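Q: The structure is given below, and queries will be raised subsequently.
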Amino acid sequence: KIQALEERNAILKSELDAERERLEQLHQDHQDVTNHLQRDLRAKSTRIADLQATLRSVEMDLQQTIQLREEAFDVYKKEVADREAYAASEMHRMTEELNDNRSFKERKSLLEAELLDVRKEVSDLKVRHEQELGDLKREHDLKHATLHAQCDATIQEKERSV
């Protein structure tokens, strides 16, 4: 009976050793997977930081472009205002000089038409400016949404891999 118990004990001891080896291997596998996931996480964090830096750069470039366009538009508006002021002063001067002259009405009509043309040009430029500004904003929003989607995808991928 003792011999049977000793044999049984030896079998149990060898099973215990095998289970310990299996447990050690599982622990090592778990450590390998954890290390791999941590490396992956660091790489993805770096990629996210790069994408965010790119996004900030694109936003800064877009803001600078918008600012430059607005400054150019302001300069042009001033030029147009100067031209309007000049046209108005010319019209006034001509009115006084040609008050008794027959061609007064014809010249006045020409200046008024020029003023209307200038105003139409200003109006057209305002519309074009708004369209360009809208285009720039849509382009910015599209770039921003694309980068945001890439970041979200990267984060989701990181979350799935963890």
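Labels for the structure tokens follow display order: chains A, B, ..., residues from 1 in each chain, ligands from 1.
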Need the shell around Arg42 of chain A: protein/DNA/RNA residues with any atom at most 12 Å away, counting only C-alpha atoms. Skip same-chain ones fewer than 5 positions apart. Format as a PyMOL selection string?
A: chain A and resi 35-37+47-49+155+158+162
Q: Could you write those residues out with N, CA, C and O atoms, as a PDB file, in the first residue's frame?
A:
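As a result, part_32.pdb now contains:
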ATOM      1  N   ASN A  35       5.086  43.002 -23.328  1.00  0.00           N
ATOM      2  CA  ASN A  35       6.195  43.822 -23.850  1.00  0.00           C
ATOM      3  C   ASN A  35       5.924  44.270 -25.279  1.00  0.00           C
ATOM      4  O   ASN A  35       6.163  45.428 -25.635  1.00  0.00           O
ATOM      5  N   HIS A  36       5.414  43.353 -26.088  1.00  0.00           N
ATOM      6  CA  HIS A  36       5.104  43.688 -27.481  1.00  0.00           C
ATOM      7  C   HIS A  36       4.017  44.774 -27.529  1.00  0.00           C
ATOM      8  O   HIS A  36       4.137  45.751 -28.293  1.00  0.00           O
ATOM      9  N   LEU A  37       2.988  44.626 -26.732  1.00  0.00           N
ATOM     10  CA  LEU A  37       1.900  45.609 -26.716  1.00  0.00           C
ATOM     11  C   LEU A  37       2.401  46.970 -26.226  1.00  0.00           C
ATOM     12  O   LEU A  37       1.985  48.010 -26.747  1.00  0.00           O
ATOM     13  N   ARG A  47       3.131  58.180 -33.214  1.00  0.00           N
ATOM     14  CA  ARG A  47       2.419  58.481 -34.468  1.00  0.00           C
ATOM     15  C   ARG A  47       1.309  59.501 -34.213  1.00  0.00           C
ATOM     16  O   ARG A  47       1.127  60.442 -34.992  1.00  0.00           O
ATOM     17  N   ILE A  48       0.595  59.327 -33.113  1.00  0.00           N
ATOM     18  CA  ILE A  48      -0.475  60.271 -32.780  1.00  0.00           C
ATOM     19  C   ILE A  48       0.118  61.656 -32.537  1.00  0.00           C
ATOM     20  O   ILE A  48      -0.408  62.661 -33.013  1.00  0.00           O
ATOM     21  N   ALA A  49       1.219  61.708 -31.816  1.00  0.00           N
ATOM     22  CA  ALA A  49       1.868  62.998 -31.556  1.00  0.00           C
ATOM     23  C   ALA A  49       2.309  63.644 -32.874  1.00  0.00           C
ATOM     24  O   ALA A  49       2.145  64.856 -33.065  1.00  0.00           O
ATOM     25  N   ILE A 155      -6.200  55.710 -32.536  1.00  0.00           N
ATOM     26  CA  ILE A 155      -6.555  55.459 -31.135  1.00  0.00           C
ATOM     27  C   ILE A 155      -7.386  54.187 -31.023  1.00  0.00           C
ATOM     28  O   ILE A 155      -7.137  53.342 -30.156  1.00  0.00           O
ATOM     29  N   LYS A 158      -5.192  51.289 -31.478  1.00  0.00           N
ATOM     30  CA  LYS A 158      -4.391  51.088 -30.277  1.00  0.00           C
ATOM     31  C   LYS A 158      -5.240  50.431 -29.195  1.00  0.00           C
ATOM     32  O   LYS A 158      -4.780  49.504 -28.516  1.00  0.00           O
ATOM     33  N   VAL A 162      -4.648  46.744 -27.506  1.00  0.00           N
ATOM     34  CA  VAL A 162      -4.351  46.605 -26.070  1.00  0.00           C
ATOM     35  C   VAL A 162      -5.329  45.630 -25.532  1.00  0.00           C
ATOM     36  O   VAL A 162      -5.176  44.697 -24.906  1.00  0.00           O
TER      37      VAL A 162
END
Q: Leaving out Glu114 of chain A and any residue of its chain fewer than 5 positions from it, which residues lie within 12 Å of it when counting only C-alpha atoms, given as number ranges by chain?
A: A: 80, 83-84, 86-88, 90-91, 107-109, 119-121
Q: Counting only C-alpha atoms, which of A:Val122, A:Thr65, A:Thr46, A:Thr146 gets nearest to Glu79 of chain A?
A: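 Closest candidate: A:Val122.
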Q: Which is closer to His144 of chain A than all the others in A:Asp124, A:Glu112, A:Glu106, A:Glu59, using only C-alpha atoms?
A: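 That would be A:Glu59, the residue with the smallest distance to His144 of chain A.
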Q: When you look at Arg56 of chain A with a cut-off of 12 Å (counting only C-alpha atoms), what residues show up, excluding the ones that are within fewer than 6 positions of it in the same chain? I need them as a list in words.
A: Ala49, Asp50, Leu62, Gln63, His140, Lys143, His144, Leu147 and His148 of chain A
Q: Using N, CA and C atoms, can you export the residues from the last selection as a PDB file, in the first residue's frame?
A:
ATOM      1  N   ALA A  49       1.219  61.708 -31.816  1.00  0.00           N
ATOM      2  CA  ALA A  49       1.868  62.998 -31.556  1.00  0.00           C
ATOM      3  C   ALA A  49       2.309  63.644 -32.874  1.00  0.00           C
ATOM      4  N   ASP A  50       2.846  62.827 -33.794  1.00  0.00           N
ATOM      5  CA  ASP A  50       3.251  63.354 -35.107  1.00  0.00           C
ATOM      6  C   ASP A  50       2.046  63.902 -35.867  1.00  0.00           C
ATOM      7  N   LEU A  62      -2.917  77.524 -42.427  1.00  0.00           N
ATOM      8  CA  LEU A  62      -4.213  77.992 -42.907  1.00  0.00           C
ATOM      9  C   LEU A  62      -4.545  79.352 -42.294  1.00  0.00           C
ATOM     10  N   GLN A  63      -4.290  79.505 -41.013  1.00  0.00           N
ATOM     11  CA  GLN A  63      -4.556  80.796 -40.370  1.00  0.00           C
ATOM     12  C   GLN A  63      -3.694  81.892 -41.007  1.00  0.00           C
ATOM     13  N   HIS A 140      -9.802  73.747 -44.697  1.00  0.00           N
ATOM     14  CA  HIS A 140      -9.279  73.556 -43.336  1.00  0.00           C
ATOM     15  C   HIS A 140     -10.110  72.523 -42.584  1.00  0.00           C
ATOM     16  N   LYS A 143      -9.320  69.105 -43.908  1.00  0.00           N
ATOM     17  CA  LYS A 143      -8.027  68.617 -43.421  1.00  0.00           C
ATOM     18  C   LYS A 143      -8.113  68.263 -41.945  1.00  0.00           C
ATOM     19  N   HIS A 144      -8.781  69.124 -41.213  1.00  0.00           N
ATOM     20  CA  HIS A 144      -8.929  68.884 -39.773  1.00  0.00           C
ATOM     21  C   HIS A 144      -9.708  67.595 -39.533  1.00  0.00           C
ATOM     22  N   LEU A 147      -7.506  64.547 -40.459  1.00  0.00           N
ATOM     23  CA  LEU A 147      -6.503  64.269 -39.423  1.00  0.00           C
ATOM     24  C   LEU A 147      -7.160  63.760 -38.153  1.00  0.00           C
ATOM     25  N   HIS A 148      -8.318  64.330 -37.838  1.00  0.00           N
ATOM     26  CA  HIS A 148      -9.049  63.880 -36.637  1.00  0.00           C
ATOM     27  C   HIS A 148      -9.474  62.413 -36.820  1.00  0.00           C
TER      28      HIS A 148
END
Q: From the list A:Asp40, A:Glu139, A:Glu7, A:Asp32, which residue is nearest Asp61 of chain A when using only C-alpha atoms?
A: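 Closest candidate: A:Glu139.
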Q: What is the distance between atom CA of Asp135 of chain A and atom CA of Arg69 of chain A, in Å to one decimal?
A: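 That distance, rounded to one decimal, is 12.3 Å.
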